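Inspection log for the structure reproduced underneath, given as structure tokens.
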Amino acid sequence: MGGALGAPRGGDGGVAMLILGIETATDQVGVALSAGGAVVASFEVARGRRHAETLAPAIEFVCRQAEVRLDELAVVAVDVGPGLFTGMRVGLATATSLAQALRIPMIGRSSLDLLAFPCRHADRVVVPVIDARKGEVFWAMYRQVPGGVQRVVEPTVGSVDDLVADLLARSEEVLLVGDGADRYLEEIQQGYRCESIDGARPSAVPLVQLAHAQALREDWVNPREIEPIYLRPPDAQISWVTRRERP
Amino acid sequence: MRELTVGPDTVVLGIETSCDETAAAIVMGGTDIVSSVVSSQIDLHAEFGGVVPEIASRAHLEMLNPVVARAIVEAGVDESRIDAIACTIGPGLIGALLVGVSGAKAYSLAWDVPFVGVNHLEAHLYSALLEDPSLELPLVVLLVSGGHTMLVEMRDHGAYRLLGQTIDDAAGEAFDKVARFLGLGYPGGPAIDAVALHGDPEAIRFPRAVPEGLDFSFSGLKTAVVNYVRAHPDVSSADVAASFQAAVVDVLVTKARRAAREIGATGIALGGGVAANSLLREELLGACAEDGIRGFLPSRAMCTDNAAMIASCGWYRLRSDGATPLDVGALPNLRLPLLAS
């Protein structure tokens, strides 16, 4: 353990490269498995918020149904956020521990990428918006490019008003997607005219699709290099900073 | 999953993330500690005077894999020798517990070995046995930490009876609160222990609350300290710390002794973070010697949160109950499993 990463299995063209994707950034929990870029199994639950209870059995189920043993995996992909902190960490701890134990590399993707990628055929700028609770949202912006989407605005956290201000500043036709868009659609539309796709969540299926393209370029990392995207300091730290900054 | 017969050669990887220590350990046969690694977050929380849950959870995620890797390297065993993964599933901070539980299940899946969920309180009962397997049951365990103060009869493995517990603050909580009030820093236990060495334990006679039976109460003592210091602003902090500590230890030892007499225990063992307190250790040993029973003090490293006790307890649980299903979550309010008395 802790040694150099072994040569990824199945990367040599002889066998289809197997990638397991794990996604737990919102109230949904999902697992997907791809073989040579094709999704061969997936499992998703969007109710109950029982990430810790659901995830490990879901991994077992998906692999068993696809007749794949975990030690055949080449890469573990994971949604690194932003999202709900506790849920995110269930996926991250599971994914990094799996990769560490199996001695295989990892690919981390943002939850916002996972929302934008399925909109790669849309005709306008895609703005994934994830509910950050406490009246705030996480968002980023993407433009279509051949074969996918390209991020043009980095992941940000702010109030719904901040999001509207960002949209107004760019004044482009946009498509909103994500649970933050669902929750605050009316408020956003009062400030900026736009359309949305209802009910979309970051999913493990686009995760393994994106990860496969990346894995072909060997664009992966060691499990210890996977960094969660929190975008917000821990609560207690915030109150401490404000107390100190007060005169 | 492989068939597993739990025996003296069975190697368990233990994982603990219930509060502010990220820990992993390798224990063989339930009592042989091959490695035990603890990464403490005390410095991260010190400026807040207490454990901040979100900071704790983030640190656990960062440290989990490195701590497990180090426990395996220090053990000098190949990971293919690991037969089972034991992990604290409660009680504790939900977000913190979930990091360990998620990681532990992933190791279990990846290595195709059983996962066993461990009750953190029960594991503390095992910390004494872990260091001295010759201890004979029934035993009274005085479990004192930041979250708990309880007297437990350990009748057999997995067979416990609650003899008494605090009806308000835990002893460790009283140490933290008094230390904070006296401006001695965090965590309060070691701070008071150190300052009290320079004070007179008989300088102030603080009240010893003695609720019914074998229960404890510390909130009145804490209030008495605050009132006394307000009325005597020039009093030495060392004297206050020493007198406060003497009052806490007095009550803990008196009740533990009485408990041992009542059940005919072969001895009294300490467990939990407050068990590292030097006065408590000294007084308990003295009392046991007087009563002609064994007093057992786990090492300081074994009193505070660690994963060796998790792996040890996991070995016993695995032997008696088998593996825990992977659909178990974290149980922040888990209680000690007790016999119907």
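In the structure tokens, chains take the letters A, B, ... in the order shown, each chain's residues start at 1, and ligands count up from 1 in the order shown.
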Using only C-alpha atoms, tabulate the residues of chain B lying at most 6 Å from any atom of chain A, each with its closest atom pair and that distance in Å to one decimal, by chain and increasing residue number, as a Markdown table.
| residue | atom | partner | partner_atom | distance |
| --- | --- | --- | --- | --- |
| B:Glu54 | CA | A:Pro234 | CA | 5.6 |
| B:Gly95 | CA | A:Thr86 | CA | 5.7 |
| B:Val99 | CA | A:Ala93 | CA | 5.8 |
| B:Ser102 | CA | A:Thr94 | CA | 5.1 |
| B:Gly103 | CA | A:Thr94 | CA | 4.9 |
| B:Ala106 | CA | A:Leu98 | CA | 5.2 |
| B:Ala110 | CA | A:Leu98 | CA | 5.8 |
| B:Asp327 | CA | A:Glu53 | CA | 4.3 |
| B:Val328 | CA | A:Glu53 | CA | 5.4 |
| B:Gly329 | CA | A:Glu53 | CA | 4.8 |
What does the file look like for those residues with N, CA, C and O atoms, as a compact mmCIF listing (two decimals), in the first residue's frame?
# COMPACT_ATOMS: atom_id res chain seq x y z
N GLU B 54 -18.06 19.82 11.66
CA GLU B 54 -17.70 19.88 10.24
C GLU B 54 -16.19 19.85 10.04
O GLU B 54 -15.68 19.22 9.11
N GLY B 95 -21.49 12.90 11.08
CA GLY B 95 -20.65 13.15 9.90
C GLY B 95 -19.28 12.50 10.01
O GLY B 95 -18.72 12.02 9.03
N VAL B 99 -17.60 8.84 7.73
CA VAL B 99 -16.35 8.74 6.96
C VAL B 99 -15.71 7.37 7.21
O VAL B 99 -15.36 6.65 6.28
N SER B 102 -17.97 4.41 5.87
CA SER B 102 -17.93 4.30 4.40
C SER B 102 -16.61 3.69 3.95
O SER B 102 -16.58 2.79 3.10
N GLY B 103 -15.51 4.18 4.52
CA GLY B 103 -14.19 3.65 4.16
C GLY B 103 -14.08 2.18 4.53
O GLY B 103 -13.61 1.36 3.74
N ALA B 106 -15.80 -0.07 2.19
CA ALA B 106 -15.09 -0.14 0.91
C ALA B 106 -13.91 -1.11 1.02
O ALA B 106 -13.68 -1.91 0.12
N ALA B 110 -13.43 -4.39 -1.23
CA ALA B 110 -12.24 -4.52 -2.08
C ALA B 110 -11.44 -5.77 -1.74
O ALA B 110 -10.93 -6.45 -2.63
N ASP B 327 -25.56 -2.79 4.77
CA ASP B 327 -26.56 -1.72 4.70
C ASP B 327 -26.76 -1.03 6.05
O ASP B 327 -27.68 -0.24 6.23
N VAL B 328 -25.86 -1.28 7.00
CA VAL B 328 -25.94 -0.57 8.28
C VAL B 328 -25.40 0.85 8.06
O VAL B 328 -24.50 1.07 7.25
N GLY B 329 -26.01 1.82 8.74
CA GLY B 329 -25.51 3.20 8.64
C GLY B 329 -24.72 3.54 9.88
O GLY B 329 -24.34 2.66 10.65
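Using only C-alpha atoms, the residues found no farther than 9 Å from Ser34 in chain A, other than those of its own chain fewer than 2 positions away, are Ala16, Met17, Leu18, Ile19, Leu20, Gly21, Ala32, Gly36, Gly37, Ala38, Val39, Val40, Ala41, Ser42, Val205, Val208, Gln209 and His212 of chain A.
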Those same residues - C-alpha atoms - I'd like them written as a compact mmCIF listing (two decimals), in the first residue's frame.
# COMPACT_ATOMS: atom_id res chain seq x y z
CA ALA A 16 -12.56 -3.51 -22.17
CA MET A 17 -11.46 -1.03 -19.49
CA LEU A 18 -13.79 -1.19 -16.48
CA ILE A 19 -14.61 2.01 -14.58
CA LEU A 20 -16.74 2.22 -11.44
CA GLY A 21 -18.41 5.58 -10.82
CA ALA A 32 -22.45 3.09 -12.50
CA GLY A 36 -14.83 0.18 -22.74
CA GLY A 37 -16.84 3.40 -22.43
CA ALA A 38 -20.27 1.76 -22.59
CA VAL A 39 -22.40 1.91 -19.45
CA VAL A 40 -23.10 -1.72 -18.56
CA ALA A 41 -24.86 -1.25 -15.21
CA SER A 42 -26.17 1.55 -13.04
CA VAL A 205 -23.79 7.59 -15.64
CA VAL A 208 -18.28 7.08 -15.96
CA GLN A 209 -18.75 8.45 -19.50
CA HIS A 212 -13.67 6.93 -19.68
Using only C-alpha atoms, which residues sit within 12 Å of Ser171 in chain A once same-chain residues fewer than 2 positions away are excluded, as a ChimeraX atom specification?
-> /A:124-125,164-169,173-174,191-194
Selection: 8 Å around range 209-218 of chain B, only C-alpha atoms, excl. self and same-chain fewer than 2 positions, as a list in words | Thr149, Met150, Leu151, Leu163, Gly164, Gln165, Thr166, Ile167, Asp168, Asp169, Ala170, Ala171, Ala174, Pro207, Gly220, Leu221, Lys222, Val248, Val251, Leu252, Lys255, Ala256, Arg258 and Ala259 of chain B
Mind dumping the selected residues with N, CA, C and O atoms as a CSV table (one decimal), in the first residue's frame?
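The file below, again_8.csv, is the result:
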chain,number,residue,atom,x,y,z
B,149,THR,N,-20.2,9.0,31.5
B,149,THR,CA,-19.7,8.6,32.8
B,149,THR,C,-20.6,7.4,33.2
B,149,THR,O,-21.8,7.7,33.6
B,150,MET,N,-20.0,6.2,33.2
B,150,MET,CA,-20.9,5.1,33.6
B,150,MET,C,-20.1,4.0,34.3
B,150,MET,O,-18.9,3.8,34.1
B,151,LEU,N,-20.8,3.3,35.1
B,151,LEU,CA,-20.3,2.1,35.8
B,151,LEU,C,-21.0,0.9,35.2
B,151,LEU,O,-22.2,0.8,35.2
B,163,LEU,N,-24.7,-0.2,35.9
B,163,LEU,CA,-24.8,-0.1,37.3
B,163,LEU,C,-25.2,1.3,37.7
B,163,LEU,O,-25.9,1.5,38.7
B,164,GLY,N,-24.6,2.3,37.0
B,164,GLY,CA,-24.9,3.7,37.3
B,164,GLY,C,-24.3,4.5,36.2
B,164,GLY,O,-23.5,4.1,35.4
B,165,GLN,N,-24.9,5.8,36.2
B,165,GLN,CA,-24.4,6.7,35.2
B,165,GLN,C,-24.7,8.1,35.6
B,165,GLN,O,-25.4,8.3,36.6
B,166,THR,N,-24.1,9.1,34.9
B,166,THR,CA,-24.3,10.5,35.3
B,166,THR,C,-25.8,10.9,34.9
B,166,THR,O,-26.3,10.4,33.9
B,167,ILE,N,-26.3,11.7,35.8
B,167,ILE,CA,-27.7,12.1,35.5
B,167,ILE,C,-27.7,13.5,34.9
B,167,ILE,O,-28.7,14.0,34.5
B,168,ASP,N,-26.5,14.1,34.7
B,168,ASP,CA,-26.4,15.4,34.0
B,168,ASP,C,-25.1,15.4,33.2
B,168,ASP,O,-25.0,14.8,32.1
B,169,ASP,N,-24.1,16.2,33.6
B,169,ASP,CA,-22.9,16.3,32.8
B,169,ASP,C,-22.0,15.1,32.9
B,169,ASP,O,-22.0,14.4,33.9
B,170,ALA,N,-21.3,14.8,31.8
B,170,ALA,CA,-20.3,13.7,31.9
B,170,ALA,C,-19.1,14.3,32.7
B,170,ALA,O,-18.9,15.5,32.7
B,171,ALA,N,-18.2,13.4,33.3
B,171,ALA,CA,-17.1,13.9,34.0
B,171,ALA,C,-16.1,14.7,33.1
B,171,ALA,O,-15.7,15.8,33.5
B,174,ALA,N,-17.4,18.1,32.5
B,174,ALA,CA,-17.1,19.0,33.6
B,174,ALA,C,-15.7,19.5,33.6
B,174,ALA,O,-15.4,20.7,33.9
B,207,PRO,N,-18.6,20.6,47.1
B,207,PRO,CA,-19.6,19.6,47.4
B,207,PRO,C,-19.4,18.4,46.6
B,207,PRO,O,-19.1,18.4,45.4
B,220,GLY,N,-23.7,20.3,39.5
B,220,GLY,CA,-23.7,21.1,40.7
B,220,GLY,C,-22.3,21.5,41.1
B,220,GLY,O,-22.0,22.7,41.5
B,221,LEU,N,-21.4,20.6,40.9
B,221,LEU,CA,-20.0,20.8,41.2
B,221,LEU,C,-19.4,22.0,40.3
B,221,LEU,O,-18.7,22.9,40.8
B,222,LYS,N,-19.7,21.9,39.0
B,222,LYS,CA,-19.3,22.9,38.1
B,222,LYS,C,-19.8,24.3,38.5
B,222,LYS,O,-19.0,25.2,38.5
B,248,VAL,N,-14.1,15.4,42.0
B,248,VAL,CA,-14.6,14.5,40.9
B,248,VAL,C,-14.1,13.1,41.2
B,248,VAL,O,-14.8,12.1,41.2
B,251,VAL,N,-15.7,11.2,44.1
B,251,VAL,CA,-17.0,10.6,43.8
B,251,VAL,C,-16.9,9.4,42.9
B,251,VAL,O,-17.5,8.3,43.1
B,252,LEU,N,-16.0,9.5,41.9
B,252,LEU,CA,-15.9,8.4,40.9
B,252,LEU,C,-15.4,7.1,41.6
B,252,LEU,O,-15.9,6.0,41.5
B,255,LYS,N,-17.9,5.5,44.3
B,255,LYS,CA,-19.0,4.7,43.7
B,255,LYS,C,-18.5,3.5,43.0
B,255,LYS,O,-19.2,2.4,43.0
B,256,ALA,N,-17.3,3.6,42.3
B,256,ALA,CA,-16.8,2.4,41.7
B,256,ALA,C,-16.5,1.3,42.7
B,256,ALA,O,-16.8,0.1,42.4
B,258,ARG,N,-18.0,0.9,45.6
B,258,ARG,CA,-19.3,0.3,46.1
B,258,ARG,C,-19.9,-0.6,45.1
B,258,ARG,O,-20.4,-1.7,45.4
B,259,ALA,N,-19.7,-0.3,43.8
B,259,ALA,CA,-20.2,-1.1,42.7
B,259,ALA,C,-19.5,-2.5,42.8
B,259,ALA,O,-20.2,-3.5,42.7
Looking at only C-alpha atoms, which of A:Val221, A:Cys119, A:Ile229, A:Val152 is the one that sits closest to Ser196 in chain A?
-> A:Cys119
Have a look at CA of Thr10 in chain B and CA of Arg319 in chain B and let me know their distance in Å, one decimal.
->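 Separating CA of Thr10 in chain B from CA of Arg319 in chain B is a distance of 10.1 Å.
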Find the residues around range 180-182 of chain A up to 12 Å (only C-alpha atoms counted), leave out those fewer than 4 positions away in its own chain, and share them as a VMD selection string.
-> chain A and resid 26 to 27 82 to 84 112 115 126 to 140 157 to 160 163 to 164 174 to 176 186 to 189 194 to 202
What's the 10 Å shell around Ala301 in chain B, counting only C-alpha atoms, without same-chain residues fewer than 2 positions away, as number ranges by chain?
-> B: 36, 38, 127, 273, 276, 298-299, 303-306, 308
Counting only C-alpha atoms, the option among B:Arg281, B:Arg294, B:Arg58, B:Arg300 closest to Ala260 in chain B =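 Closest residue, counting only C-alpha atoms: B:Arg294.
Restricting the calculation to only C-alpha atoms, the smallest distance between Val195 in chain B and any of B:Tyr126, B:Trp111, B:Phe244, B:Tyr160 is found for B:Phe244.
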DSSP-assigned alpha helix (DSSP H) among range 60-267 of chain B, expressed as a PyMOL selection string | chain B and resi 60-75+94-111+120-131+171-182+188-196+219-231+237-263
If you run DSSP over the backbone, which residues in range 103-203 of chain A end up strand (DSSP E)? Put them as a count of residues only.
-> 40
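The coordinates place CA of Glu122 in chain B at 25.7 Å from CA of Arg81 in chain B.
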Which is closest to Asn119 in chain B among B:Cys87, B:Leu297, B:Ala340, B:Val77, if we use only C-alpha atoms?
-> B:Cys87
With a distance cut-off of 7 Å and only C-alpha atoms, select the neighbouring residues of Ala323 in chain B, excluding the residue or stretch itself and same-chain residues fewer than 2 positions from it, and output the selection as a compact mmCIF listing (two decimals) with N, CA, C and O atoms, in the first residue's frame.
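Below is the file out-v4.txt, written as the result:
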# COMPACT_ATOMS: atom_id res chain seq x y z
N PRO B 114 -15.11 -9.85 5.75
CA PRO B 114 -16.29 -9.36 6.47
C PRO B 114 -16.08 -7.97 7.08
O PRO B 114 -14.97 -7.60 7.45
N PHE B 115 -17.20 -7.24 7.17
CA PHE B 115 -17.24 -5.95 7.86
C PHE B 115 -17.96 -6.18 9.18
O PHE B 115 -18.95 -6.93 9.23
N VAL B 116 -17.44 -5.58 10.26
CA VAL B 116 -18.15 -5.71 11.53
C VAL B 116 -18.26 -4.34 12.19
O VAL B 116 -17.27 -3.64 12.38
N LEU B 318 -17.37 -10.47 16.02
CA LEU B 318 -17.37 -11.32 14.84
C LEU B 318 -17.48 -12.79 15.25
O LEU B 318 -18.19 -13.57 14.63
N ASP B 321 -21.29 -12.95 16.85
CA ASP B 321 -22.46 -12.57 16.05
C ASP B 321 -22.24 -12.64 14.54
O ASP B 321 -23.17 -12.44 13.77
N PRO B 325 -24.23 -6.65 8.23
CA PRO B 325 -24.61 -6.39 6.84
C PRO B 325 -24.13 -5.00 6.39
O PRO B 325 -24.06 -4.08 7.19
